[in-house]
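So this one's query-v5.cif, mmCIF, C-alpha atoms and all ligand atoms:
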data_protein
#
loop_
_atom_site.label_atom_id
_atom_site.label_comp_id
_atom_site.auth_asym_id
_atom_site.auth_seq_id
_atom_site.Cartn_x
_atom_site.Cartn_y
_atom_site.Cartn_z
CA MET G 266 133.57 91.86 89.39
CA VAL G 267 135.19 93.64 86.52
CA SER G 268 132.54 96.38 86.42
CA THR G 269 133.49 97.54 89.84
CA THR G 270 137.24 97.08 89.75
CA GLY G 271 138.34 97.37 86.14
CA PRO G 272 138.51 100.27 83.72
CA ALA G 273 135.40 101.14 81.72
CA ALA G 274 135.53 99.98 78.12
CA ARG G 275 136.37 102.95 75.87
CA VAL G 276 135.43 101.12 72.73
CA LEU G 277 132.37 98.97 73.13
CA PRO G 278 133.09 95.37 72.24
CA LYS G 279 131.49 93.86 69.15
CA ILE G 280 130.14 90.98 71.19
CA ASP G 281 129.38 91.89 74.76
CA LEU G 282 128.75 88.94 77.08
CA TYR G 283 129.80 90.91 80.11
CA SER G 284 126.24 91.05 81.48
CA ASP G 285 122.61 91.08 80.41
CA THR G 286 122.54 94.71 81.56
CA VAL G 287 124.39 95.89 78.42
CA THR G 288 121.40 95.75 76.08
CA ARG G 289 120.24 98.82 74.15
CA PRO G 290 116.50 99.44 73.73
CA THR G 291 115.12 97.95 70.52
CA SER G 292 113.35 100.18 68.00
CA GLY G 293 109.97 98.85 69.19
CA MET G 294 110.87 99.71 72.75
CA ARG G 295 112.07 103.18 71.74
CA ARG G 296 108.74 103.76 69.99
CA ALA G 297 106.87 102.71 73.14
CA ILE G 298 109.02 105.14 75.13
CA ALA G 299 108.36 107.98 72.66
CA GLU G 300 104.61 107.42 72.77
CA ALA G 301 104.28 106.92 76.54
CA GLU G 302 101.50 108.70 78.37
CA VAL G 303 102.99 110.30 81.46
CA GLY G 304 102.03 112.03 84.70
CA ASN G 305 103.42 112.70 88.16
CA GLU G 306 104.66 109.31 89.33
CA GLN G 307 105.06 110.19 93.00
CA ALA G 308 101.43 111.26 93.18
CA GLU G 309 100.60 107.89 91.53
CA GLU G 310 99.27 109.85 88.56
CA ASP G 311 101.47 108.40 85.86
CA PRO G 312 99.24 106.06 83.83
CA THR G 313 102.14 104.14 82.30
CA VAL G 314 103.83 103.55 85.66
CA ASN G 315 100.49 102.51 87.13
CA ARG G 316 99.96 100.08 84.27
CA LEU G 317 103.43 98.57 84.72
CA GLN G 318 102.89 98.19 88.46
CA ASP G 319 99.54 96.45 87.89
CA MET G 320 101.10 94.10 85.33
CA VAL G 321 103.87 93.08 87.72
CA ALA G 322 101.55 92.73 90.75
CA ASN G 323 99.39 90.43 88.64
CA LEU G 324 102.36 88.49 87.27
CA LEU G 325 103.72 87.88 90.78
CA GLY G 326 100.33 87.27 92.39
CA LYS G 327 100.64 90.18 94.83
CA GLU G 328 98.19 92.91 95.89
CA ARG G 329 100.33 95.79 94.76
CA ALA G 330 103.68 96.77 93.24
CA VAL G 331 105.90 99.83 93.07
CA PHE G 332 108.21 100.96 90.27
CA LEU G 333 111.80 101.71 91.36
CA PRO G 334 114.94 102.91 89.58
CA SER G 335 116.95 99.74 90.25
CA GLY G 336 116.93 96.22 91.59
CA THR G 337 119.34 97.29 94.28
CA MET G 338 116.76 99.75 95.56
CA CYS G 339 114.15 96.95 95.58
CA ASN G 340 116.34 94.82 97.85
CA GLU G 341 117.33 97.71 100.07
CA ILE G 342 113.80 99.07 100.50
CA ALA G 343 112.46 95.59 101.30
CA TYR G 344 115.22 95.06 103.88
CA ARG G 345 114.48 98.48 105.36
CA VAL G 346 110.76 97.69 105.63
CA TRP G 347 111.31 94.31 107.26
CA CYS G 348 114.24 95.16 109.55
CA ASP G 349 115.07 97.64 112.28
CA HIS G 350 118.62 98.41 113.36
CA GLY G 351 120.26 95.31 114.82
CA ASP G 352 117.85 92.87 113.17
CA GLU G 353 119.20 90.01 111.11
CA ILE G 354 118.73 88.87 107.53
CA ILE G 355 119.45 85.24 106.61
CA LEU G 356 120.82 84.81 103.10
CA ASP G 357 123.19 82.72 101.03
CA GLU G 358 126.90 83.56 101.18
CA THR G 359 126.84 84.32 97.44
CA ALA G 360 123.91 86.78 97.64
CA HIS G 361 124.05 89.89 95.46
CA ALA G 362 122.92 92.03 98.39
CA LEU G 363 125.93 90.83 100.36
CA HIS G 364 128.59 91.51 97.71
CA PHE G 365 127.40 94.09 95.20
CA GLU G 366 125.20 96.60 97.00
CA SER G 367 127.92 98.61 98.75
CA GLY G 368 126.97 97.38 102.21
CA GLY G 369 123.37 98.53 101.78
CA PRO G 370 121.79 96.12 104.29
CA GLY G 371 124.06 97.53 107.01
CA ALA G 372 124.07 101.13 105.82
CA LEU G 373 120.38 101.57 105.04
CA ALA G 374 118.48 99.02 107.15
CA GLY G 375 121.10 98.76 109.91
CA ALA G 376 120.70 95.02 109.52
CA MET G 377 123.10 92.20 110.35
CA THR G 378 123.52 89.44 107.80
CA ARG G 379 123.76 85.74 108.62
CA THR G 380 125.01 83.62 105.75
CA ILE G 381 124.27 80.07 104.70
CA SER G 382 126.67 78.07 102.51
CA GLY G 383 124.21 76.84 99.95
CA ALA G 384 124.87 74.82 96.82
CA ARG G 385 125.12 77.17 93.83
CA GLY G 386 123.37 79.84 95.87
CA ILE G 387 120.48 77.59 96.91
CA PHE G 388 119.67 76.33 100.42
CA ASP G 389 116.73 74.53 102.02
CA GLY G 390 114.65 74.89 105.16
CA SER G 391 116.92 72.72 107.27
CA ALA G 392 119.83 75.06 106.53
CA VAL G 393 117.67 77.89 107.87
CA ASP G 394 116.85 75.82 110.97
CA ALA G 395 120.59 75.46 111.57
CA VAL G 396 121.16 79.24 111.87
CA ILE G 397 118.15 80.04 114.04
CA ARG G 398 119.15 81.74 117.30
CA LEU G 399 117.68 81.49 120.75
CA LYS G 400 115.32 84.37 121.29
CA THR G 401 117.16 86.14 124.09
CA ARG G 402 117.86 89.81 124.55
CA HIS G 403 121.52 89.14 123.73
CA ALA G 404 120.88 87.88 120.23
CA PRO G 405 120.03 89.96 117.16
CA ARG G 406 116.39 89.56 116.23
CA GLN G 407 116.06 87.42 113.14
CA LYS G 408 113.50 88.93 110.81
CA LEU G 409 113.95 87.90 107.22
CA ILE G 410 115.11 85.18 104.84
CA SER G 411 116.28 86.53 101.48
CA ILE G 412 116.66 84.20 98.51
CA GLU G 413 117.82 84.86 94.95
CA ASN G 414 116.07 83.20 91.98
CA THR G 415 117.92 82.69 89.69
CA ALA G 416 121.05 82.65 91.83
CA ASN G 417 123.54 84.93 90.07
CA LEU G 418 126.82 83.73 91.61
CA GLY G 419 125.24 80.27 91.66
CA GLY G 420 125.63 80.26 87.87
CA GLY G 421 122.08 81.34 87.09
CA ALA G 422 120.72 78.30 88.96
CA ILE G 423 116.96 77.92 89.37
CA TRP G 424 115.48 77.23 92.79
CA PRO G 425 113.51 73.96 92.59
CA MET G 426 109.92 74.52 93.70
CA GLU G 427 110.21 72.03 96.59
CA THR G 428 113.28 73.90 97.87
CA VAL G 429 111.37 77.19 97.82
CA GLU G 430 108.58 75.41 99.72
CA SER G 431 110.98 74.04 102.31
CA VAL G 432 112.31 77.57 102.95
CA VAL G 433 108.71 78.82 103.20
CA GLY G 434 108.19 76.09 105.83
CA ALA G 435 111.21 77.33 107.77
CA ALA G 436 109.98 80.93 107.57
CA ASP G 437 106.63 79.79 109.00
CA ARG G 438 108.27 77.71 111.74
CA HIS G 439 110.43 80.58 112.90
CA GLY G 440 108.14 83.54 112.27
CA LEU G 441 110.39 85.07 109.59
CA LYS G 442 109.45 87.05 106.49
CA LEU G 443 110.58 85.77 103.10
CA HIS G 444 111.98 88.03 100.37
CA ILE G 445 112.78 86.97 96.81
CA ASP G 446 115.43 88.83 94.85
CA GLY G 447 113.97 88.04 91.45
CA ALA G 448 116.39 90.08 89.33
CA ARG G 449 116.18 87.14 86.90
CA LEU G 450 113.02 85.43 88.13
CA LEU G 451 111.58 85.45 84.62
CA ASN G 452 114.60 83.50 83.38
CA ALA G 453 113.70 80.86 85.97
CA VAL G 454 110.07 80.98 84.85
CA VAL G 455 110.83 80.56 81.16
CA ALA G 456 113.42 77.82 81.72
CA SER G 457 111.37 75.80 84.21
CA GLY G 458 107.84 76.41 82.95
CA ILE G 459 106.82 77.24 86.53
CA PRO G 460 104.60 80.36 86.64
CA ALA G 461 106.16 83.37 88.40
CA ARG G 462 103.27 83.56 90.85
CA ASP G 463 103.95 79.98 91.96
CA PHE G 464 107.53 80.88 92.91
CA SER G 465 106.34 83.99 94.75
CA ALA G 466 103.05 82.68 96.18
CA ARG G 467 104.21 82.39 99.77
CA CYS G 468 106.84 85.12 99.97
CA ASP G 469 106.25 88.52 101.55
CA SER G 470 108.17 90.64 99.06
CA VAL G 471 109.50 89.94 95.57
CA TRP G 472 110.81 91.95 92.64
CA ILE G 473 111.88 91.64 89.04
CA ASP G 474 114.51 93.63 87.22
CA LEU G 475 113.60 95.27 83.93
CA SER G 476 117.17 96.17 82.99
CA LYS G 477 118.59 92.63 82.87
CA GLY G 478 117.29 90.02 80.43
CA LEU G 479 114.13 92.01 79.72
CA GLY G 480 116.27 94.57 77.93
CA CYS G 481 115.03 97.86 79.40
CA PRO G 482 117.37 100.80 79.98
CA VAL G 483 116.25 101.40 83.59
CA GLY G 484 114.05 100.05 86.32
CA ALA G 485 112.75 97.29 88.53
CA VAL G 486 109.41 96.56 90.18
CA LEU G 487 108.90 95.46 93.79
CA ALA G 488 105.68 93.68 94.82
CA GLY G 489 103.95 92.55 98.00
CA SER G 490 100.88 93.18 100.12
CA ASP G 491 99.14 96.51 100.11
CA ALA G 492 100.58 97.30 103.56
CA PHE G 493 104.11 96.33 102.50
CA ILE G 494 103.98 98.55 99.42
CA GLU G 495 102.63 101.44 101.50
CA ASP G 496 105.73 101.13 103.72
CA ALA G 497 107.94 100.69 100.66
CA TRP G 498 106.66 104.03 99.29
CA ARG G 499 107.85 105.80 102.41
CA PHE G 500 111.40 104.54 101.86
CA LYS G 501 111.20 105.14 98.11
CA HIS G 502 110.83 108.81 99.01
CA GLN G 503 113.45 108.65 101.75
CA PHE G 504 116.05 106.95 99.52
CA GLY G 505 115.41 109.40 96.69
CA GLY G 506 113.66 106.93 94.41
CA ALA G 507 110.38 108.81 93.97
CA MET G 508 110.23 110.19 90.44
CA ARG G 509 108.10 112.46 88.22
CA GLN G 510 107.17 111.63 84.60
CA ALA G 511 108.61 108.15 85.00
CA GLY G 512 106.22 106.71 82.44
CA ILE G 513 108.99 107.50 79.94
CA ILE G 514 111.05 104.66 81.38
CA ALA G 515 108.14 102.53 82.63
CA ALA G 516 106.91 102.30 79.03
CA ALA G 517 109.98 100.22 78.25
CA GLY G 518 108.97 97.85 81.06
CA VAL G 519 105.42 97.46 79.75
CA TYR G 520 106.85 96.80 76.29
CA ALA G 521 109.35 94.26 77.63
CA LEU G 522 106.73 92.32 79.57
CA GLU G 523 104.68 92.10 76.38
CA HIS G 524 107.51 91.25 73.97
CA HIS G 525 110.67 90.10 75.73
CA VAL G 526 109.67 87.37 78.14
CA ASP G 527 109.23 84.30 75.94
CA ARG G 528 112.38 85.13 74.00
CA LEU G 529 114.48 84.57 77.16
CA ALA G 530 114.42 80.94 75.98
CA ASP G 531 116.76 81.98 73.14
CA ASP G 532 119.24 83.37 75.67
CA HIS G 533 119.18 80.03 77.49
CA THR G 534 119.78 78.11 74.26
CA HIS G 535 122.69 80.45 73.44
CA ALA G 536 124.25 80.04 76.89
CA ARG G 537 124.05 76.28 76.60
CA ARG G 538 125.58 76.40 73.10
CA LEU G 539 128.45 78.55 74.37
CA ALA G 540 129.15 76.09 77.20
CA ASP G 541 128.95 73.11 74.85
CA GLY G 542 131.22 74.88 72.37
CA ILE G 543 134.05 75.40 74.87
CA ALA G 544 133.58 72.29 77.06
CA ASP G 545 136.33 70.30 75.32
CA VAL G 546 138.92 73.09 75.31
CA LYS G 547 142.14 72.15 77.07
CA GLY G 548 142.65 74.23 80.19
CA ILE G 549 139.00 75.31 80.49
CA ARG G 550 136.62 73.79 82.97
CA VAL G 551 132.89 74.22 82.44
CA ASN G 552 129.90 72.02 83.15
CA PRO G 553 127.28 72.56 80.42
CA ASN G 554 124.73 70.66 82.51
CA GLU G 555 124.90 73.42 85.10
CA VAL G 556 123.87 76.02 82.54
CA GLU G 557 120.19 76.34 83.41
CA THR G 558 119.50 79.87 82.22
CA ASN G 559 121.53 82.68 80.60
CA MET G 560 124.88 82.42 82.38
CA VAL G 561 128.01 80.41 81.68
CA TYR G 562 130.66 80.33 84.38
CA PHE G 563 133.95 78.76 83.32
CA ASP G 564 137.34 78.34 84.92
CA VAL G 565 140.50 79.08 82.95
CA SER G 566 143.13 77.98 85.52
CA GLY G 567 144.31 75.17 83.23
CA THR G 568 145.30 77.67 80.51
CA GLY G 569 148.01 79.17 82.71
CA VAL G 570 146.63 82.72 82.62
CA THR G 571 144.35 84.59 84.98
CA GLY G 572 140.73 85.35 84.22
CA ALA G 573 141.65 89.03 83.90
CA GLU G 574 144.33 88.25 81.29
CA PHE G 575 142.00 85.88 79.42
CA SER G 576 139.36 88.60 79.44
CA ARG G 577 141.83 91.23 78.20
CA ARG G 578 142.90 89.05 75.27
CA LEU G 579 139.34 88.23 74.29
CA LEU G 580 138.59 91.93 74.16
CA SER G 581 141.72 93.23 72.47
CA GLU G 582 142.16 90.42 69.96
CA HIS G 583 138.56 89.41 69.26
CA GLU G 584 136.35 92.29 70.43
CA VAL G 585 134.53 89.87 72.70
CA ARG G 586 133.93 90.93 76.28
CA ILE G 587 133.55 88.28 78.99
CA GLY G 588 134.16 89.41 82.56
CA ALA G 589 136.47 87.83 85.12
CA MET G 590 134.65 87.03 88.37
CA GLY G 591 137.62 85.76 90.33
CA PRO G 592 141.31 84.93 89.79
CA HIS G 593 140.43 82.22 87.24
CA LEU G 594 136.67 82.30 87.03
CA MET G 595 134.92 83.92 84.07
CA ARG G 596 131.27 84.65 83.45
CA ALA G 597 129.50 85.03 80.12
CA VAL G 598 125.89 86.24 80.12
CA THR G 599 123.61 85.98 77.09
CA HIS G 600 120.93 88.56 76.25
CA LEU G 601 118.82 89.98 73.47
CA ASP G 602 121.67 91.80 71.74
CA VAL G 603 123.56 88.58 70.98
CA GLY G 604 122.20 86.13 68.44
CA HIS G 605 123.32 82.73 67.26
CA PRO G 606 126.08 84.01 64.91
CA GLU G 607 127.63 86.10 67.72
CA ILE G 608 127.63 83.06 70.00
CA GLU G 609 129.50 81.05 67.37
CA LEU G 610 132.05 83.88 67.07
CA ALA G 611 132.42 84.00 70.86
CA VAL G 612 133.01 80.23 70.98
CA ALA G 613 135.70 80.60 68.32
CA ALA G 614 137.28 83.51 70.21
CA VAL G 615 137.49 81.60 73.50
CA ARG G 616 138.96 78.62 71.67
CA ALA G 617 141.53 80.84 69.93
CA VAL G 618 142.64 82.58 73.13
CA ALA G 619 142.91 79.25 74.99
CA ALA G 620 145.01 77.82 72.15
CA GLU G 621 147.50 80.69 72.08
CA VAL G 622 148.16 81.09 75.82
C1 LIG C 1 121.65 92.89 89.13
C2 LIG C 1 121.19 92.26 90.39
C3 LIG C 1 120.69 93.03 91.43
C4 LIG C 1 120.68 94.55 91.38
O1 LIG C 1 119.90 95.04 90.35
P1 LIG C 1 120.26 96.48 89.69
O2 LIG C 1 119.07 96.75 88.84
O3 LIG C 1 121.53 96.29 88.93
O4 LIG C 1 120.41 97.45 90.81
C5 LIG C 1 120.25 92.39 92.55
N1 LIG C 1 120.27 91.05 92.64
C6 LIG C 1 120.72 90.27 91.65
C7 LIG C 1 120.68 88.79 91.81
C8 LIG C 1 121.22 90.84 90.50
O5 LIG C 1 121.72 90.07 89.53
#

Show how you would write the structure in this file as structure tokens.
Ligand SMILES: *Cc1c(COP(=O)(O)O)cnc(C)c1O
Amino acid sequence: MVSTTGPAARVLPKIDLYSDTVTRPTSGMRRAIAEAEVGNEQAEEDPTVNRLQDMVANLLGKERAVFLPSGTMCNEIAYRVWCDHGDEIILDETAHALHFESGGPGALAGAMTRTISGARGIFDGSAVDAVIRLKTRHAPRQKLISIENTANLGGGAIWPMETVESVVGAADRHGLKLHIDGARLLNAVVASGIPARDFSARCDSVWIDLSKGLGCPVGAVLAGSDAFIEDAWRFKHQFGGAMRQAGIIAAAGVYALEHHVDRLADDHTHARRLADGIADVKGIRVNPNEVETNMVYFDVSGTGVTGAEFSRRLLSEHEVRIGAMGPHLMRAVTHLDVGHPEIELAVAAVRAVAAEV
């Protein structure tokens, strides 16, 4: 990904479709932050953090939740709770935890990873059956299935409910825990109309990110049973994620859950419009029907330049930032700082760059 390999942007682009993490807090959110009641979070005395945790536990249908600084820490703490050294996590080969968390599952939980080649990041129970090991002392102990909804490298694809249920069935058959990386679960909820708690009903741990489409500056919330969250607290301290007057940032999360969920539908409309607007461009391959939420992946191999070069031209000539995800693969992500006019400008910019190269 460009964020991890390329130079930081010195001048912020006018239209930034690099990620939904680039949003700035709105004035309403900044007001909520300024007025937040605060206390000592790690003593569970911060009223705003407590409120946010209750809201998310309720949203996800879990007993309890814990506020954390990042989604990465949610994944890594859950893996640490569920796995001992040498245990195995089953996940899709495109999983965020596998590619973008600096080896966290190995470094922090000491866990092995066993990958499944899903379709757009999604796999079913029979694919889990196919990687189940004999329970001998020679084999790693398989502990956990980890799924990602929406699937980021899967193009923002939504897990169909029956596919989630078939993985739940496999977890039951094989005595495995189920974890949902729900960095963008609310995108799946808004696009599908399926309540969040239905997606998470039969999983053991689940989290949502506040700093993606919800537009907060910081934070994520991990949920599960009371016992799971008690264990998670231990590792929150151990990993350095226990905070103090964290209500300052949690207030943004409360605000976002109240004001920024339904509007995710706009991001989905914008992503679809972007895909439709560039679908007929010579040299670009994109399938608008695969745009289910707020991401548009498109391939520029037919233009004769690399994704990195295409990205560079978009930025320098049009002040539009779209990241390169591979040699020819690009990813645009819509969010609350880009409206309809910006999307039309981005469409025009992609068309102009494709025409000149
Ligand atoms: C962004 C992301 C994460 C990590 O969340 P951070 O808040 O950036 O640490 C994990 N999983 C998925 C699918 C993501 O998109």

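Counting all atoms listed in the file and comparing G:Gly386, G:Gly458, G:Gly351, G:Pro606, the residue that lies closest to ligand LIG 1 (chain C) is G:Gly386.
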
**Protein and nucleic acid residues near (143.3, 79.5, 72.8) (cut-off 12 Å, only C-alpha atoms) as a list in words** = Ile543, Asp545, Val546, Lys547, Gly548, Ile549, Val565, Gly567, Thr568, Gly569, Val570, Phe575, Ser576, Arg578, Leu579, Glu582, His583, Ala611, Val612, Ala613, Ala614, Val615, Arg616, Ala617, Val618, Ala619, Ala620, Glu621 and Val622 of chain G

**Request:** To one decimal in Å, tell me the separation between atom CA of G:Leu475 and atom CA of G:Leu522.
**Result:** 8.7 Å

**Message:** Using only C-alpha atoms and all ligand atoms, which residues have at least one atom no more than 9 Å from ligand LIG 1 (chain C)? Output them as a PyMOL selection string.
**Reply:** chain G and resi 285-286+334-340+360-362+365-366+413-418+421+446-449+473-477+483-485

**Request:** Find the spatial neighbours of G:Met426, counting all atoms listed in the file, within a cut-off of 9 Å - ignore same-chain residues fewer than 5 positions away - and output them as a PyMOL selection string.
**Result:** chain G and resi 431+459+463-464

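Atom pair atom CA of G:Val276 / atom CA of G:Arg289: separated by 15.4 Å.
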
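Atom CA of G:Ala492 to atom CA of G:Ala516 spans 25.8 Å [interatomic distance, one decimal].
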
**Request:** With a distance cut-off of 7 Å and all atoms listed in the file, select the neighbouring residues of stretch 394-409 of chain G, excluding the residue or stretch itself and same-chain residues fewer than 5 positions from it, and output the selection as a ChimeraX atom specification.
**Result:** /G:347-348,351-355,435,441-443
